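**Student:** Take a look at model-v2.txt, compact mmCIF, C-alpha atoms:
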# COMPACT_ATOMS: atom_id res chain seq x y z
CA MET A 1 -4.96 19.17 0.22
CA PHE A 2 -2.96 19.95 3.32
CA ILE A 3 -4.15 18.95 6.77
CA GLY A 4 -3.13 21.67 9.17
CA ALA A 5 -1.15 21.29 12.35
CA GLN A 6 -4.35 21.52 14.44
CA SER A 7 -5.29 18.07 13.14
CA LEU A 8 -2.27 16.59 14.84
CA THR A 9 -2.78 15.75 18.49
CA SER A 10 -0.18 16.27 21.20
CA LYS A 11 1.52 12.98 20.34
CA ASN A 12 1.68 13.85 16.65
CA ARG A 13 -1.27 11.65 15.80
CA LEU A 14 -3.84 12.43 13.19
CA ASP A 15 -7.41 12.85 14.35
CA ALA A 16 -10.04 10.61 12.78
CA ASN A 17 -11.42 13.20 10.33
CA ALA A 18 -8.04 14.29 9.08
CA GLU A 19 -7.06 10.66 8.73
CA GLN A 20 -10.15 9.92 6.65
CA ILE A 21 -9.52 12.89 4.34
CA LEU A 22 -5.90 11.92 3.87
CA ILE A 23 -6.77 8.33 3.09
CA GLU A 24 -9.24 9.46 0.43
CA GLN A 25 -6.54 11.64 -1.11
CA CYS A 26 -4.04 8.79 -0.98
CA ARG A 27 -6.45 6.53 -2.84
CA LYS A 28 -6.22 9.08 -5.67
CA GLN A 29 -2.45 8.61 -5.67
CA ASN A 30 -1.89 11.95 -3.93
CA MET A 31 1.71 11.80 -2.81
CA GLU A 32 1.46 14.96 -0.71
CA ALA A 33 -1.35 13.51 1.39
CA PHE A 34 0.62 10.34 1.92
CA GLY A 35 3.58 12.48 2.95
CA GLN A 36 1.49 13.87 5.79
CA ILE A 37 0.68 10.37 6.97
CA VAL A 38 4.39 9.56 6.89
CA ASP A 39 5.13 12.72 8.89
CA ALA A 40 2.63 11.70 11.54
CA TYR A 41 3.81 8.11 11.97
CA GLN A 42 7.41 7.82 10.77
CA ASN A 43 9.10 8.17 14.18
CA ARG A 44 6.71 5.82 15.93
CA VAL A 45 6.88 3.18 13.24
CA PHE A 46 10.64 3.45 13.17
CA GLY A 47 10.84 3.19 16.97
CA PHE A 48 8.68 0.08 16.99
CA VAL A 49 10.59 -1.57 14.15
CA LYS A 50 13.96 -0.76 15.67
CA ARG A 51 13.00 -2.42 18.93
CA MET A 52 11.64 -5.41 17.06
CA VAL A 53 14.58 -6.03 14.71
CA GLY A 54 17.29 -4.80 17.07
CA SER A 55 19.42 -2.92 14.55
CA ALA A 56 19.03 0.72 13.51
CA GLU A 57 20.23 0.13 9.93
CA GLU A 58 17.90 -2.75 9.36
CA ALA A 59 15.09 -0.83 11.03
CA GLU A 60 15.55 2.05 8.56
CA ASP A 61 15.02 -0.28 5.61
CA VAL A 62 12.09 -2.07 7.22
CA ALA A 63 10.40 1.20 8.26
CA GLN A 64 10.70 2.49 4.68
CA GLU A 65 9.24 -0.75 3.41
CA VAL A 66 6.29 -0.29 5.80
CA PHE A 67 5.36 3.02 4.17
CA ILE A 68 5.95 1.75 0.64
CA ARG A 69 3.64 -1.21 1.29
CA ALA A 70 1.09 1.11 2.86
CA TYR A 71 1.20 3.43 -0.16
CA GLN A 72 0.82 0.55 -2.59
CA SER A 73 -2.09 -1.00 -0.75
CA VAL A 74 -3.91 2.05 0.60
CA HIS A 75 -6.81 1.31 -1.79
CA ARG A 76 -7.35 -1.93 0.17
CA PHE A 77 -7.59 -0.13 3.52
CA ASP A 78 -11.23 -0.61 4.48
CA GLY A 79 -11.35 1.52 7.62
CA ARG A 80 -12.39 -1.32 9.91
CA CYS A 81 -9.44 -0.48 12.11
CA SER A 82 -7.60 2.78 12.58
CA LEU A 83 -4.84 3.86 10.23
CA ARG A 84 -2.41 3.55 13.14
CA THR A 85 -3.39 -0.08 13.75
CA TRP A 86 -3.15 -0.81 10.03
CA LEU A 87 0.35 0.68 9.78
CA PHE A 88 1.55 -1.21 12.84
CA ARG A 89 0.08 -4.42 11.45
CA ILE A 90 2.18 -3.98 8.30
CA ALA A 91 5.20 -3.15 10.46
CA HIS A 92 4.63 -6.18 12.68
CA ASN A 93 4.28 -8.53 9.70
CA LEU A 94 7.48 -7.21 8.14
CA CYS A 95 9.35 -7.60 11.43
CA ILE A 96 8.16 -11.19 11.68
CA ASP A 97 9.40 -11.78 8.12
CA VAL A 98 12.79 -10.35 9.04
CA SER A 99 12.97 -12.61 12.11
CA ARG A 100 12.12 -15.65 10.00
CA LYS A 101 14.72 -14.76 7.38
CA LYS A 102 17.31 -14.44 10.10
CA GLY A 103 16.27 -17.87 11.29
CA ARG A 104 15.50 -16.53 14.71
CA GLN A 105 13.22 -18.77 16.67
CA ILE A 106 10.18 -17.00 18.02
CA SER A 107 10.29 -18.59 21.43
CA GLU A 108 7.14 -19.86 22.99
CA SER A 109 6.65 -18.54 26.49
CA PRO A 110 4.17 -19.82 29.03
CA LEU A 111 1.48 -17.43 27.94
CA THR A 112 -1.43 -18.18 30.18
CA ASP A 113 -0.09 -19.84 33.27
CA SER A 114 0.75 -16.85 35.43
CA ASP A 115 0.95 -19.01 38.57
CA ASN A 116 4.46 -20.04 37.59
CA VAL A 117 5.64 -16.47 37.45
CA ASP A 118 6.91 -14.96 40.65
CA MET A 119 4.69 -12.04 41.40
CA ILE A 120 6.57 -8.83 41.91
CA GLU A 121 5.04 -6.38 44.29
CA ALA A 122 4.22 -3.62 41.86
CA GLU A 123 2.58 -1.48 44.49
CA ASP A 124 6.02 -0.83 45.91
CA LEU A 125 6.62 2.92 45.69
CA ARG A 126 9.82 2.33 43.79
CA TRP A 127 7.72 1.45 40.74
CA ASN A 128 6.05 4.81 40.74
CA PRO A 129 7.19 6.69 37.61
CA GLU A 130 7.86 9.75 39.75
CA HIS A 131 10.39 7.75 41.72
CA LEU A 132 11.88 6.23 38.63
CA ALA A 133 13.66 9.26 37.23
CA MET A 134 14.30 8.39 33.62
CA ASN A 135 18.01 8.81 33.24
CA ASP A 136 20.12 7.40 30.43
CA GLU A 137 21.19 4.45 32.54
CA LEU A 138 17.64 3.49 33.37
CA ARG A 139 16.63 3.92 29.73
CA ALA A 140 19.35 1.51 28.77
CA VAL A 141 18.06 -1.00 31.32
CA VAL A 142 14.52 -0.68 29.98
CA GLU A 143 15.79 -1.17 26.42
CA ARG A 144 17.77 -4.22 27.52
CA GLY A 145 14.70 -5.65 29.22
CA ILE A 146 12.59 -5.09 26.10
CA SER A 147 15.17 -6.61 23.76
CA SER A 148 15.67 -9.68 25.93
CA MET A 149 12.03 -10.81 25.83
CA SER A 150 10.49 -12.95 23.12
CA ASP A 151 9.09 -11.33 19.97
CA LYS A 152 5.57 -12.25 21.00
CA LEU A 153 5.78 -10.53 24.36
CA ARG A 154 7.68 -7.55 22.96
CA THR A 155 5.08 -6.99 20.24
CA VAL A 156 2.23 -6.81 22.72
CA LEU A 157 4.17 -4.68 25.20
CA LEU A 158 5.21 -2.10 22.60
CA LEU A 159 1.89 -1.92 20.82
CA HIS A 160 -0.13 -1.62 24.00
CA ASP A 161 2.09 0.28 26.42
CA GLN A 162 3.91 2.45 23.89
CA GLU A 163 1.40 2.86 21.05
CA GLU A 164 -1.68 2.52 23.23
CA LEU A 165 -3.51 0.16 20.91
CA PRO A 166 -6.60 -1.21 22.69
CA TYR A 167 -6.75 -4.91 23.56
CA GLU A 168 -9.46 -5.61 20.99
CA GLU A 169 -7.51 -4.10 18.08
CA LEU A 170 -4.37 -5.91 19.19
CA ALA A 171 -6.28 -9.19 19.37
CA GLN A 172 -7.64 -8.60 15.87
CA MET A 173 -4.23 -7.68 14.51
CA LEU A 174 -2.45 -10.65 16.03
CA GLU A 175 -5.39 -13.01 15.47
CA LEU A 176 -5.47 -13.97 19.12
CA PRO A 177 -8.14 -14.03 21.83
CA VAL A 178 -8.23 -10.90 24.01
CA GLY A 179 -7.36 -13.03 27.05
CA THR A 180 -4.14 -14.18 25.39
CA VAL A 181 -3.19 -10.60 24.55
CA LYS A 182 -3.70 -9.63 28.18
CA SER A 183 -1.67 -12.52 29.51
CA ARG A 184 1.15 -11.77 27.09
CA LEU A 185 1.15 -8.17 28.22
CA PHE A 186 1.26 -9.23 31.83
CA LEU A 187 4.19 -11.58 31.19
CA ALA A 188 6.04 -8.88 29.24
CA ARG A 189 5.62 -6.42 32.10
CA GLN A 190 6.73 -9.06 34.58
CA HIS A 191 9.85 -9.66 32.50
CA LEU A 192 10.65 -5.96 32.44
CA MET A 193 10.05 -5.61 36.16
CA LYS A 194 12.45 -8.43 36.86
CA THR A 195 15.10 -6.73 34.76
CA LEU A 196 14.54 -3.48 36.62
CA GLN A 197 14.56 -5.26 39.96
CA GLU A 198 17.95 -6.71 39.16
CA TYR A 199 19.21 -3.26 38.17
CA MET A 200 17.87 -1.74 41.39
CA GLY A 201 19.39 -4.54 43.43
CA GLU A 202 22.74 -3.80 41.83
CA THR A 203 22.54 -0.06 42.42
CA ALA A 204 21.17 -0.27 45.99
CA MET B 205 -23.57 -27.37 35.38
CA THR B 206 -20.01 -27.97 34.19
CA GLU B 207 -20.50 -25.39 31.44
CA ARG B 208 -21.48 -22.85 34.06
CA ASN B 209 -18.46 -23.76 36.16
CA ASP B 210 -16.19 -23.34 33.16
CA TRP B 211 -17.69 -19.97 32.44
CA MET B 212 -17.25 -18.91 36.08
CA GLU B 213 -13.66 -20.08 36.05
CA ARG B 214 -12.90 -18.15 32.85
CA ALA B 215 -14.54 -15.03 34.27
CA ASN B 216 -12.46 -15.35 37.43
CA GLN B 217 -9.26 -15.75 35.43
CA GLU B 218 -10.14 -12.70 33.40
CA LEU B 219 -10.75 -10.65 36.53
CA GLU B 220 -7.48 -11.85 38.02
CA MET B 221 -5.65 -10.95 34.83
CA ASP B 222 -7.18 -7.46 34.77
CA ALA B 223 -6.15 -6.98 38.38
CA ALA B 224 -2.62 -8.20 37.63
CA LEU B 225 -2.38 -5.78 34.70
CA GLU B 226 -3.60 -3.00 36.93
CA ARG B 227 -0.82 -3.79 39.42
CA THR B 228 1.80 -3.61 36.68
CA GLN B 229 0.42 -0.41 35.17
CA ALA B 230 3.50 1.55 36.28
CA ILE B 231 5.52 -0.19 33.61
CA GLN B 232 3.43 1.51 30.94
CA GLY B 233 4.71 4.88 32.19
CA LEU B 234 8.28 3.66 31.89
CA ILE B 235 7.74 2.45 28.33
CA ARG B 236 6.07 5.69 27.28
CA ASP B 237 8.85 7.79 28.76
CA SER B 238 11.54 5.70 27.15
CA GLN B 239 13.58 6.90 24.23
CA GLN B 240 11.76 8.35 21.26
CA GLU B 241 13.38 7.36 17.98
CA ASP B 242 13.55 10.06 15.33
CA VAL B 243 14.27 9.30 11.71
CA SER B 244 16.82 11.38 9.84
CA LEU B 245 16.13 13.72 6.92
CA GLN B 246 18.24 11.43 4.77
CA TRP B 247 15.94 8.53 5.66
CA ARG B 248 12.93 10.61 4.67
CA SER B 249 14.53 11.68 1.42
CA GLN B 250 15.31 8.04 0.55
CA LEU B 251 11.74 7.10 1.37
CA ASN B 252 10.41 9.82 -0.95
CA GLU B 253 12.56 8.48 -3.79
CA LYS B 254 11.34 4.95 -3.17
CA LEU B 255 7.73 6.12 -3.04
CA LEU B 256 8.11 7.94 -6.35
CA ALA B 257 9.64 4.83 -7.88
CA ALA B 258 6.80 2.73 -6.48
CA ALA B 259 4.20 5.19 -7.79
CA THR B 260 5.46 5.20 -11.39
CA PRO B 261 4.40 1.67 -12.35
CA VAL B 262 0.97 2.37 -10.89
CA LYS B 263 0.53 5.35 -13.23
CA ALA B 264 1.82 3.38 -16.19
CA LYS B 265 -0.60 0.60 -15.40
CA LYS B 266 -3.41 3.12 -15.17
CA HIS B 267 -2.61 4.46 -18.65
CA TRP B 268 -2.21 0.98 -20.04
CA ARG B 269 -5.63 0.08 -18.65
CA PHE B 270 -7.21 2.74 -20.90
CA GLY B 271 -4.62 2.38 -23.67
CA ARG B 272 -5.35 -1.26 -24.35
CA PRO B 273 -9.00 -0.81 -25.47
CA MET B 274 -7.97 2.27 -27.45
CA MET B 275 -5.30 0.30 -29.27
CA ALA B 276 -7.75 -2.53 -29.93
CA GLY B 277 -10.25 -0.02 -31.33
CA ALA B 278 -7.65 1.57 -33.57
CA LEU B 279 -6.62 -1.85 -34.83
CA ALA B 280 -10.23 -2.77 -35.58
CA CYS B 281 -10.71 0.50 -37.49
CA SER B 282 -7.56 -0.18 -39.50
CA VAL B 283 -8.79 -3.66 -40.41
CA LEU B 284 -12.20 -2.27 -41.48
CA LEU B 285 -10.61 0.47 -43.60
CA ALA B 286 -8.23 -2.01 -45.20
CA GLY B 287 -11.15 -4.31 -45.99
CA PHE B 288 -13.17 -1.45 -47.46
CA TRP B 289 -10.21 -0.31 -49.58
CA PHE B 290 -9.58 -3.84 -50.81
CA ASN B 291 -13.23 -4.26 -51.82
CA SER B 292 -13.27 -0.92 -53.62
CA SER B 293 -10.09 -1.77 -55.54
CA SER B 294 -11.50 -5.15 -56.58
CA LYS B 295 -14.66 -3.52 -57.89
CA VAL B 296 -12.68 -1.05 -60.02
CA LEU B 297 -10.64 -3.79 -61.56
CA THR B 298 -13.39 -6.28 -62.23
CA ASN B 299 -16.47 -4.22 -62.79
CA PRO B 300 -15.80 -0.76 -64.11
CA THR B 301 -19.28 -0.34 -65.54
CA PRO B 302 -22.07 1.15 -63.47
CA SER B 303 -23.60 -1.41 -61.28
CA ILE B 304 -27.29 -1.72 -60.58
CA ALA B 305 -26.41 -3.15 -57.21
CA ALA B 306 -24.94 0.17 -56.07
CA GLN B 307 -27.01 1.24 -53.14
CA THR B 308 -25.91 4.66 -51.98
CA VAL B 309 -25.69 7.90 -53.89
CA GLU B 310 -21.94 7.95 -53.37
CA ASP B 311 -21.61 4.44 -54.74
CA GLN B 312 -23.70 5.35 -57.74
CA MET B 313 -21.63 8.46 -58.40
CA ILE B 314 -18.39 6.53 -58.12
CA GLN B 315 -19.68 3.80 -60.39
CA ALA B 316 -20.94 6.35 -62.92
CA HIS B 317 -17.62 8.15 -62.94
CA LEU B 318 -15.69 4.93 -63.37
CA GLY B 319 -18.03 3.87 -66.17
CA LEU B 320 -17.56 7.15 -68.03
CA GLU B 321 -13.83 6.99 -67.62
CA PHE B 322 -13.78 3.45 -68.90
CA ALA B 323 -15.93 4.38 -71.88
CA ALA B 324 -13.77 7.38 -72.71
CA ASN B 325 -10.63 5.29 -72.64
CA ASN B 326 -11.95 2.39 -74.64
CA THR B 327 -14.40 3.78 -77.22
CA THR B 328 -13.20 3.42 -80.87
CA THR B 329 -14.38 4.96 -84.19
CA SER B 330 -14.39 1.78 -86.16
CA GLY B 331 -15.22 -0.44 -83.36
CA SER B 332 -11.70 -1.86 -83.20
CA GLU B 333 -9.44 1.19 -82.93
CA PRO B 334 -9.32 3.40 -79.95
CA VAL B 335 -10.58 6.96 -80.49
CA GLY B 336 -7.28 8.48 -79.45
CA GLN B 337 -5.40 6.59 -82.17
CA ALA B 338 -7.74 7.84 -84.98
CA THR B 339 -6.38 11.36 -84.54
CA GLU B 340 -2.89 10.04 -85.03
CA SER B 341 -3.72 8.52 -88.51
CA PRO B 342 -1.70 9.94 -91.42
CA GLY B 343 -3.22 13.23 -92.65
CA TYR B 344 -3.80 14.48 -96.17
CA GLU B 345 -0.54 14.98 -98.14
CA TRP B 346 -0.50 18.48 -99.74
CA GLY B 347 0.88 18.39 -103.26
CA ALA B 348 2.50 21.20 -105.31
CA GLU B 349 -0.70 21.61 -107.31
CA ASP B 350 -2.68 22.09 -104.26
CA LEU B 351 -0.26 24.63 -102.95
CA GLY B 352 -0.30 26.49 -106.26
CA THR B 353 -4.04 26.95 -106.23
CA LEU B 354 -3.88 28.72 -102.90
Rewrite the structure of this file - the entire thing - as structure tokens.
**Tutor:**
Amino acid sequence: MFIGAQSLTSKNRLDANAEQILIEQCRKQNMEAFGQIVDAYQNRVFGFVKRMVGSAEEAEDVAQEVFIRAYQSVHRFDGRCSLRTWLFRIAHNLCIDVSRKKGRQISESPLTDSDNVDMIEAEDLRWNPEHLAMNDELRAVVERGISSMSDKLRTVLLLHDQEELPYEELAQMLELPVGTVKSRLFLARQHLMKTLQEYMGETA
Amino acid sequence: MTERNDWMERANQELEMDAALERTQAIQGLIRDSQQEDVSLQWRSQLNEKLLAAATPVKAKKHWRFGRPMMAGALACSVLLAGFWFNSSSKVLTNPTPSIAAQTVEDQMIQAHLGLEFAANNTTTSGSEPVGQATESPGYEWGAEDLGTL
């Protein structure tokens, strides 16, 4: 069973039908079908893991472990969430394990009290993506901003803004109320905007 | 009344949060356009090896799941056959004569055969000597007279 290229969307994502067929095949220990799932998600899972653990070498091992765990437990996948959400849940849990093993403290940020955060005027034209030409230097600043925030904020920022997981699925995955997910996302964006503001202040 | 106020307050906070997220929407574009990480072919090849290694015990387990009852069945059959053989041997040794208790045709045939064999081996002419030994008794001695008359 081979799912053709037309089943992959522009961002190399599997559509729901193709996903369902592949999962059925995987439950029958079909390695080829699982290979197609890996093809569709390997770069995105690796990108997420790398940003979470901070090291490319470690991220390679963790990303492989994500797919091995997924393969071993695909028979337990009940379809209540999307395959993408399920894979990122495994990835997130493994990243948390790595952080704990390293003894890194997952810092608690003020998650709901947005009054204490200085509001940045995001309607400023400088924040328009068209004005923010993505050069290597700016990419580096964005990466620095992402890596300098807490694991909790980074998780929500990457899974929502990069992977486009809806609030409800994120809340289910992280076992949090939707309101908390939203406030974490807001704080993460605020953190990144501050980092960018500093960079722009330096370059101006 | 306080419950309603709480609800109103929560709804207001939620609306404020949605508005704040809307204002910071531009950041999403930056994150999406940021660097895409691609895994290497070597990484993929290693993953395939690990997946194959992970898949092997699953297959072995699957076989073992069916193999265990089969082995138990084979063992039970062996025990039954051994028991049957032991019983048959005991009957031959202790009761070689046809038995009235024999139920099946096969049993009766076996018993009859064994009985005949036993009788053939143990029947004697005088009642004390075996039949086979009577043929080995000394024969008539031919004398010279006898030979001369021929």
**Student:** Dump as a VMD selection string the residues of chain A that approach chain B to within 8 Å, counting all atoms listed in the file.
**Tutor:** chain A and resid 29 42 to 44 46 to 47 60 64 68 71 to 72 122 to 123 127 to 129 134 139 142 158 161 to 162 179 182 to 183 185 to 186 189 to 190 192 to 193
**Student:** Separation of CA of Glu163 (chain A) and CA of Cys26 (chain A), in Å?
**Tutor:**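 Separation of CA of Glu163 (chain A) and CA of Cys26 (chain A): 23.5 Å.
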**Student:** If we count all atoms listed in the file and set the cut-off at 10 Å, which residues sit around Cys95 (chain A), ignoring sequence neighbours fewer than 3 positions away in its own chain? Please answer as a list in words.
**Tutor:**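 The contact residues come out as Phe48, Val49, Lys50, Arg51, Met52, Val53, Ala59, Val62, Ala63, Val66, Arg89, Ile90, Ala91, His92, Val98, Ser99, Arg100, Lys101, Asp151 and Thr155 of chain A.
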**Student:** For a cutoff of 10 Å around the file-coordinate point (-7.3, 13.1, 3.8), which residues qualify once you count all atoms listed in the file? I'd like the result as a compact mmCIF listing (two decimals) with C-alpha atoms, in the coordinates of the input.
**Tutor:**
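Output contents, as saved in point-v5.txt:
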# COMPACT_ATOMS: atom_id res chain seq x y z
CA MET A 1 -4.96 19.17 0.22
CA PHE A 2 -2.96 19.95 3.32
CA ILE A 3 -4.15 18.95 6.77
CA ALA A 16 -10.04 10.61 12.78
CA ASN A 17 -11.42 13.20 10.33
CA ALA A 18 -8.04 14.29 9.08
CA GLU A 19 -7.06 10.66 8.73
CA GLN A 20 -10.15 9.92 6.65
CA ILE A 21 -9.52 12.89 4.34
CA LEU A 22 -5.90 11.92 3.87
CA ILE A 23 -6.77 8.33 3.09
CA GLU A 24 -9.24 9.46 0.43
CA GLN A 25 -6.54 11.64 -1.11
CA CYS A 26 -4.04 8.79 -0.98
CA ARG A 27 -6.45 6.53 -2.84
CA ASN A 30 -1.89 11.95 -3.93
CA ALA A 33 -1.35 13.51 1.39
CA PHE A 34 0.62 10.34 1.92
CA GLN A 36 1.49 13.87 5.79
CA ILE A 37 0.68 10.37 6.97
**Student:** Calculate how many Å separate CA of Gly54 (chain A) from CA of Ser147 (chain A), rounding to one decimal.
**Tutor:**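 Taking CA of Gly54 (chain A) and CA of Ser147 (chain A), their separation equals 7.2 Å.
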**Student:** In Å, how far is it from CA of Met31 (chain A) to CA of Ala70 (chain A)?
**Tutor:**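 That distance, rounded to one decimal, is 12.1 Å.
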**Student:** Go ahead and fit an axis-aligned box to every listed atom of region 32-50 of chain A plus 5 Å each side, and pass me the centre and edge lengths in Å, one decimal, as JSON.
**Tutor:**
{"center_x": 6.3, "center_y": 6.7, "center_z": 8.1, "size_x": 25.3, "size_y": 26.5, "size_z": 27.7}
**Student:** Which polymer residues, whether protein, DNA or RNA, lie within 10 Å of the coordinate (0.5, 8.2, 13.5) when you count all atoms listed in the file? List them as a PyMOL selection string, using the chain letters and numbers from the file.
**Tutor:** chain A and resi 8-9+11-15+19+36-45+82-85+87-88+163
